[in-house]
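Visitor: Contents are compact mmCIF, C-alpha atoms and all ligand atoms; file name work-v2.txt:
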```
# COMPACT_ATOMS: atom_id res chain seq x y z
CA MET A 1 2.54 -16.90 -2.55
CA ILE A 2 -0.04 -15.67 -0.02
CA LEU A 3 1.54 -13.67 2.81
CA TYR A 4 0.50 -13.88 6.46
CA GLY A 5 1.05 -11.09 8.94
CA LYS A 6 -0.05 -10.89 12.55
CA VAL A 7 -3.64 -9.98 11.66
CA VAL A 8 -3.66 -9.72 7.88
CA LYS A 9 -3.53 -12.15 5.04
CA LEU A 10 -2.26 -10.66 1.75
CA ARG A 11 -3.79 -12.60 -1.11
CA PRO A 12 -4.43 -12.16 -4.85
CA ILE A 13 -7.34 -10.16 -6.25
CA GLU A 14 -10.41 -12.33 -6.95
CA GLN A 15 -13.51 -11.54 -9.00
CA GLU A 16 -15.55 -10.92 -5.82
CA ASP A 17 -13.15 -8.11 -4.78
CA LEU A 18 -13.84 -6.04 -7.88
CA GLU A 19 -16.80 -4.17 -6.46
CA MET A 20 -14.82 -3.05 -3.39
CA LEU A 21 -11.86 -2.03 -5.56
CA ARG A 22 -14.12 -0.05 -7.90
CA GLU A 23 -15.70 1.73 -4.95
CA LEU A 24 -12.23 2.59 -3.61
CA ALA A 25 -11.13 3.91 -6.99
CA ASN A 26 -14.27 6.02 -7.44
CA ASP A 27 -14.57 7.42 -3.90
CA PRO A 28 -13.68 11.14 -3.70
CA TRP A 29 -12.16 10.80 -0.20
CA TYR A 30 -9.56 8.27 -1.38
CA GLU A 31 -8.86 10.36 -4.47
CA LYS A 32 -8.16 13.29 -2.13
CA MET A 33 -5.74 11.27 0.01
CA ILE A 34 -3.69 9.49 -2.65
CA VAL A 35 -0.90 10.92 -4.78
CA GLY A 36 -2.38 9.51 -8.00
CA TRP A 37 -5.70 10.25 -9.68
CA SER A 38 -8.10 8.56 -12.08
CA PHE A 39 -11.14 9.10 -14.25
CA PRO A 40 -14.30 7.33 -13.03
CA ILE A 41 -14.14 3.55 -13.49
CA SER A 42 -17.23 1.70 -14.73
CA GLN A 43 -17.92 -1.98 -14.10
CA LYS A 44 -17.32 -2.64 -17.80
CA ASP A 45 -13.94 -0.83 -17.80
CA GLN A 46 -12.92 -2.70 -14.69
CA GLU A 47 -13.96 -6.10 -16.08
CA GLU A 48 -11.87 -5.46 -19.19
CA TRP A 49 -8.92 -4.48 -16.98
CA TYR A 50 -9.36 -7.61 -14.85
CA LYS A 51 -9.45 -9.92 -17.90
CA GLU A 52 -5.92 -8.79 -18.77
CA TYR A 53 -4.67 -8.37 -15.19
CA LYS A 54 -1.90 -10.60 -13.81
CA CYS A 55 0.75 -10.08 -11.16
CA ASN A 56 4.09 -9.96 -12.94
CA ASP A 57 7.77 -9.42 -12.26
CA LYS A 58 7.27 -5.64 -12.21
CA MET A 59 4.13 -5.41 -10.08
CA ILE A 60 2.36 -7.33 -7.32
CA ARG A 61 -1.06 -6.35 -5.98
CA TYR A 62 -2.61 -7.80 -2.82
CA ILE A 63 -6.00 -7.74 -1.22
CA ILE A 64 -5.67 -7.23 2.53
CA GLU A 65 -7.92 -9.66 4.39
CA THR A 66 -8.52 -10.16 8.10
CA GLU A 67 -10.19 -13.12 9.75
CA GLU A 68 -12.77 -10.87 11.37
CA ASP A 69 -13.75 -8.64 8.45
CA GLY A 70 -12.73 -10.42 5.21
CA ALA A 71 -11.39 -8.21 2.41
CA VAL A 72 -10.60 -4.82 3.96
CA GLY A 73 -8.28 -3.09 1.52
CA MET A 74 -5.34 -3.32 -0.79
CA ILE A 75 -1.55 -2.90 -0.90
CA GLY A 76 1.17 -3.72 -3.42
CA LEU A 77 4.58 -3.22 -4.94
CA ARG A 78 5.18 -1.71 -8.34
CA ASP A 79 8.16 -0.73 -10.51
CA ILE A 80 10.17 -3.66 -9.17
CA ASP A 81 13.78 -3.15 -10.28
CA TRP A 82 15.64 -6.44 -9.93
CA LYS A 83 19.06 -5.02 -10.79
CA ASN A 84 19.02 -2.30 -8.13
CA GLY A 85 16.89 -4.21 -5.64
CA SER A 86 14.17 -1.61 -5.31
CA ALA A 87 10.44 -1.15 -5.77
CA SER A 88 7.73 1.37 -4.96
CA GLY A 89 4.81 0.82 -2.64
CA GLY A 90 1.49 1.16 -4.37
CA GLY A 91 -2.17 1.56 -3.67
CA MET A 92 -2.37 1.16 0.10
CA ARG A 93 -6.00 1.65 1.12
CA ILE A 94 -8.17 0.49 3.99
CA ALA A 95 -11.71 0.30 2.73
CA ARG A 96 -13.95 1.31 5.61
CA LYS A 97 -13.62 4.13 8.09
CA GLY A 98 -14.52 1.86 11.00
CA LEU A 99 -11.55 -0.38 10.20
CA ARG A 100 -8.96 2.40 10.26
CA THR A 101 -6.48 3.18 13.08
CA LYS A 102 -6.60 -0.45 14.26
CA GLY A 103 -3.11 -1.23 12.97
CA ILE A 104 -4.24 -3.08 9.83
CA ALA A 105 -2.18 -0.98 7.37
CA THR A 106 0.86 -1.21 9.64
CA ASP A 107 0.62 -5.00 9.73
CA ALA A 108 0.06 -5.14 5.97
CA TRP A 109 3.16 -3.00 5.39
CA MET A 110 5.30 -5.04 7.83
CA THR A 111 4.18 -8.21 6.05
CA GLN A 112 4.86 -6.81 2.60
CA LEU A 113 8.31 -5.50 3.65
CA LYS A 114 9.24 -8.87 5.20
CA TYR A 115 8.46 -10.50 1.84
CA ALA A 116 10.22 -7.77 -0.17
CA PHE A 117 13.43 -7.93 1.85
CA ASN A 118 13.59 -11.58 2.95
CA GLU A 119 12.14 -13.33 -0.10
CA LEU A 120 12.42 -11.05 -3.14
CA ARG A 121 15.86 -9.88 -1.97
CA LEU A 122 15.01 -6.20 -2.47
CA ASN A 123 17.00 -3.60 -0.54
CA ARG A 124 14.75 -0.55 -0.68
CA VAL A 125 11.13 0.41 -1.13
CA ASN A 126 10.08 3.91 -2.19
CA GLY A 127 6.98 5.68 -0.99
CA SER A 128 5.30 9.05 -1.16
CA ALA A 129 2.44 10.89 0.50
CA ILE A 130 0.69 14.24 0.14
CA ASP A 131 1.84 16.48 2.99
CA TYR A 132 -1.60 16.51 4.67
CA ASN A 133 -2.00 12.72 4.68
CA LYS A 134 -0.99 12.27 8.31
CA ALA A 135 -2.24 8.67 8.58
CA SER A 136 -0.10 7.57 5.63
CA LEU A 137 2.94 9.44 6.95
CA ARG A 138 2.47 7.85 10.36
CA VAL A 139 2.06 4.28 9.05
CA THR A 140 5.12 4.55 6.85
CA GLU A 141 7.15 6.05 9.70
CA LYS A 142 6.09 3.19 12.00
CA VAL A 143 7.37 0.53 9.57
CA GLY A 144 10.72 2.26 9.00
CA PHE A 145 10.30 4.68 6.09
CA LYS A 146 12.43 7.83 6.33
CA VAL A 147 11.65 11.20 4.75
CA GLU A 148 14.10 11.68 1.88
CA GLY A 149 12.80 14.84 0.27
CA VAL A 150 9.91 17.10 -0.65
CA GLN A 151 8.51 17.68 -4.12
CA ARG A 152 7.11 21.16 -3.79
CA GLN A 153 3.64 21.83 -5.22
CA ALA A 154 3.74 18.51 -7.05
CA ILE A 155 0.06 17.66 -6.67
CA PHE A 156 -3.00 19.72 -7.59
CA LYS A 157 -6.11 18.83 -5.61
CA ASN A 158 -9.08 20.80 -4.31
CA GLY A 159 -8.05 23.90 -6.25
CA THR A 160 -4.54 24.20 -4.90
CA TYR A 161 -1.04 22.72 -5.13
CA HIS A 162 0.34 20.48 -2.38
CA ASP A 163 3.80 19.20 -1.55
CA VAL A 164 4.57 15.50 -1.85
CA ILE A 165 6.77 13.94 0.82
CA LEU A 166 9.24 11.45 -0.68
CA LEU A 167 9.94 8.42 1.49
CA GLY A 168 12.20 5.39 1.42
CA VAL A 169 12.76 2.33 3.59
CA LEU A 170 15.90 0.22 3.41
CA LYS A 171 16.14 -3.40 4.56
CA GLU A 172 18.29 -2.14 7.45
CA ASP A 173 15.61 0.39 8.50
CA TYR A 174 12.98 -2.38 8.57
CA GLU A 175 15.34 -4.59 10.59
CA GLU A 176 15.85 -1.75 13.06
CA VAL A 177 12.06 -1.55 13.55
CA ILE A 178 11.89 -5.28 14.22
CA ALA A 179 14.80 -5.11 16.67
CA LYS A 180 13.25 -2.15 18.47
CA THR A 181 9.64 -3.34 18.59
CA GLY A 182 10.07 -7.14 18.50
CA TYR A 183 7.37 -7.03 15.84
CA TRP A 184 7.59 -10.66 14.77
CA ASP A 185 8.66 -12.07 18.15
CA GLU A 186 5.71 -14.40 18.67
CA ASP A 187 6.46 -16.01 15.27
CA LYS A 188 9.79 -17.40 16.49
C1 LIG B 201 -3.41 5.45 5.30
C2 LIG B 201 -4.28 4.28 5.69
C3 LIG B 201 -4.04 3.10 4.74
C4 LIG B 201 -3.89 3.85 7.13
O1 LIG B 201 -4.61 2.67 7.47
P1 LIG B 201 -4.83 2.23 8.99
O2 LIG B 201 -5.16 0.77 9.00
O3 LIG B 201 -5.78 3.13 9.64
O4 LIG B 201 -3.37 2.45 9.61
P2 LIG B 201 -2.85 2.00 11.05
O5 LIG B 201 -4.01 1.80 11.98
O6 LIG B 201 -1.90 0.87 10.88
O7 LIG B 201 -1.98 3.26 11.52
C5 LIG B 201 -2.50 4.56 11.40
C6 LIG B 201 -1.64 5.50 12.21
O8 LIG B 201 -1.87 6.83 11.78
C7 LIG B 201 -2.36 7.61 12.86
N1 LIG B 201 -3.29 8.56 12.30
C8 LIG B 201 -4.45 8.33 11.67
N2 LIG B 201 -5.02 9.49 11.29
C9 LIG B 201 -4.18 10.46 11.72
C10 LIG B 201 -4.18 11.89 11.65
N3 LIG B 201 -5.19 12.53 11.05
N4 LIG B 201 -3.15 12.59 12.19
C11 LIG B 201 -2.13 11.95 12.79
N5 LIG B 201 -2.06 10.59 12.88
C12 LIG B 201 -3.07 9.88 12.35
C13 LIG B 201 -3.01 6.59 13.77
O9 LIG B 201 -3.15 7.11 15.09
C14 LIG B 201 -2.00 5.45 13.67
O10 LIG B 201 -0.82 5.74 14.39
P3 LIG B 201 -0.55 5.09 15.86
O11 LIG B 201 -0.58 3.61 15.68
O12 LIG B 201 0.78 5.62 16.26
O13 LIG B 201 -1.68 5.56 16.74
C15 LIG B 201 -5.80 4.64 5.69
O14 LIG B 201 -5.98 5.81 6.46
C16 LIG B 201 -6.35 4.88 4.30
O15 LIG B 201 -6.84 3.97 3.65
N6 LIG B 201 -6.26 6.15 3.84
C17 LIG B 201 -6.72 6.52 2.51
C18 LIG B 201 -5.80 6.04 1.41
C19 LIG B 201 -4.38 6.52 1.64
O16 LIG B 201 -4.16 7.59 2.17
N7 LIG B 201 -3.42 5.69 1.20
C20 LIG B 201 -2.01 6.04 1.30
C21 LIG B 201 -1.64 6.79 0.09
S1 LIG B 201 0.01 7.44 0.18
```
Produce structure tokens that represent the structure in this file.
Ligand SMILES: CC(C)(COP(=O)(O)OP(=O)(O)OC[C@H]1O[C@@H](n2cnc3c(N)ncnc32)[C@H](O)[C@@H]1OP(=O)(O)O)[C@@H](O)C(=O)NCCC(=O)NCCS

Guide:
Amino acid sequence: MILYGKVVKLRPIEQEDLEMLRELANDPWYEKMIVGWSFPISQKDQEEWYKEYKCNDKMIRYIIETEEDGAVGMIGLRDIDWKNGSASGGGMRIARKGLRTKGIATDAWMTQLKYAFNELRLNRVNGSAIDYNKASLRVTEKVGFKVEGVQRQAIFKNGTYHDVILLGVLKEDYEEVIAKTGYWDEDK
């Protein structure tokens, strides 16, 4: 199902998104900001990956689209654990500098959490961020994530080790955000 937020539409990955996704995966700035890492991805590698790619009961990936700017980034859930009602957030990226700090990632997260808690019947979503990634820490805080721990020196980037902040949001945390901010009020 396609998900609609206040400004975003979360929809499946289409062939025409591949170039943007490849650029995101190969861009050194994103590699610096994310917890994960990858070798360079060629068009051929990516096409082979896309041939096999399907959302499944363990992982959902979305393209973030806005009416004004079209495809602007990605978000998703991975490691979905149906027994314990949990999943991890994955791959949140906003593709162009000019589109950042306009609330797009916040709306994408609120939309994804609404689906996770009210449709998939999950109870918690895990997250993590490198300690210097203030934008990611701020977005996750705004949508209800709480800091649950620190993995010291867990990530090696730019010649040095960095701590990873472990985060988690429960359904009740998300509901507290809605109650406090009236986030979805105009949808009623
Ligand atoms: C993290 C990211 C997705 C946020 O996207 P976005 O659409 O700009 O996020 P939003 O506009 O919804 O919110 C950003 C918040 O962070 C704040 N912020 C941004 N940069 C900041 C900084 N350097 N220091 C402190 N706060 C910062 C913004 O002011 C805003 O908070 P506010 O609404 O209280 O003012 C985007 O920066 C990105 O793509 N980063 C690279 C990939 C990445 O880090 N992914 C997360 C991996 S864990």

Visitor: Kindly assemble as JSON lines a list of the chain A residues that lie within 7 Å of ligand LIG 201 (chain B), each paired with its nearest atom pair and their distance in Å to one decimal, using only C-alpha atoms and all ligand atoms, sorted first by chain and then by ascending residue number.

Guide:
```
{"residue": "A:Tyr30", "atom": "CA", "partner": "B:LIG201", "partner_atom": "C17", "distance": 5.1}
{"residue": "A:Met33", "atom": "CA", "partner": "B:LIG201", "partner_atom": "O16", "distance": 4.6}
{"residue": "A:Ile34", "atom": "CA", "partner": "B:LIG201", "partner_atom": "C21", "distance": 4.4}
{"residue": "A:Val35", "atom": "CA", "partner": "B:LIG201", "partner_atom": "S1", "distance": 6.1}
{"residue": "A:Gly91", "atom": "CA", "partner": "B:LIG201", "partner_atom": "C21", "distance": 6.5}
{"residue": "A:Met92", "atom": "CA", "partner": "B:LIG201", "partner_atom": "N7", "distance": 4.8}
{"residue": "A:Arg93", "atom": "CA", "partner": "B:LIG201", "partner_atom": "O15", "distance": 3.5}
{"residue": "A:Ile94", "atom": "CA", "partner": "B:LIG201", "partner_atom": "O15", "distance": 3.7}
{"residue": "A:Ala95", "atom": "CA", "partner": "B:LIG201", "partner_atom": "O15", "distance": 6.2}
{"residue": "A:Leu99", "atom": "CA", "partner": "B:LIG201", "partner_atom": "O2", "distance": 6.6}
{"residue": "A:Arg100", "atom": "CA", "partner": "B:LIG201", "partner_atom": "O3", "distance": 3.3}
{"residue": "A:Thr101", "atom": "CA", "partner": "B:LIG201", "partner_atom": "O5", "distance": 3.0}
{"residue": "A:Lys102", "atom": "CA", "partner": "B:LIG201", "partner_atom": "O5", "distance": 4.1}
{"residue": "A:Gly103", "atom": "CA", "partner": "B:LIG201", "partner_atom": "O6", "distance": 3.2}
{"residue": "A:Ile104", "atom": "CA", "partner": "B:LIG201", "partner_atom": "O2", "distance": 4.0}
{"residue": "A:Ala105", "atom": "CA", "partner": "B:LIG201", "partner_atom": "O2", "distance": 3.8}
{"residue": "A:Thr106", "atom": "CA", "partner": "B:LIG201", "partner_atom": "O6", "distance": 3.7}
{"residue": "A:Asp107", "atom": "CA", "partner": "B:LIG201", "partner_atom": "O6", "distance": 6.5}
{"residue": "A:Ser128", "atom": "CA", "partner": "B:LIG201", "partner_atom": "S1", "distance": 5.7}
{"residue": "A:Ala129", "atom": "CA", "partner": "B:LIG201", "partner_atom": "S1", "distance": 4.2}
{"residue": "A:Ile130", "atom": "CA", "partner": "B:LIG201", "partner_atom": "S1", "distance": 6.8}
{"residue": "A:Asn133", "atom": "CA", "partner": "B:LIG201", "partner_atom": "O16", "distance": 6.1}
{"residue": "A:Lys134", "atom": "CA", "partner": "B:LIG201", "partner_atom": "N4", "distance": 4.5}
{"residue": "A:Ala135", "atom": "CA", "partner": "B:LIG201", "partner_atom": "O8", "distance": 3.7}
{"residue": "A:Ser136", "atom": "CA", "partner": "B:LIG201", "partner_atom": "C1", "distance": 3.9}
{"residue": "A:Arg138", "atom": "CA", "partner": "B:LIG201", "partner_atom": "O8", "distance": 4.7}
{"residue": "A:Val139", "atom": "CA", "partner": "B:LIG201", "partner_atom": "O7", "distance": 4.8}
```

Visitor: Find, counting only C-alpha atoms, the residue in A:Leu21, A:Ser88, A:Tyr174, A:Met59 that gets nearest to Ile41 (chain A).

Guide: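 Of A:Leu21, A:Ser88, A:Tyr174, A:Met59, the one nearest Ile41 (chain A) is A:Leu21, counting only C-alpha atoms.
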
Visitor: Residues around (-10.1, 3.5, -12.9), cut-off 10 Å, counting only C-alpha atoms - what are they as a ChimeraX atom specification?

Guide: /A:21-26,37-43,45-46,49

Visitor: Would you pick out the contacts of Met1 (chain A) at 9 Å or less, using only C-alpha atoms, so that residues sharing its chain but fewer than 6 positions from it are not included, and give the list as a short mmCIF file (atom, residue, chain, number, x, y, z; two decimals) with C-alpha atoms, keeping the file's coordinate frame?

Guide:
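Saved the output as part16.cif:
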```cif
data_model
loop_
_atom_site.label_atom_id
_atom_site.label_comp_id
_atom_site.auth_asym_id
_atom_site.auth_seq_id
_atom_site.Cartn_x
_atom_site.Cartn_y
_atom_site.Cartn_z
CA LEU A 10 -2.26 -10.66 1.75
CA ARG A 11 -3.79 -12.60 -1.11
CA PRO A 12 -4.43 -12.16 -4.85
#
```

Visitor: Please list as an NGL selection string every residue within 12 Å of Lys157 (chain A), counting all atoms listed in the file and excluding residues in the same chain fewer than 2 positions away.

Guide: :A and (28-37 or 130-132 or 153-155 or 159-164)
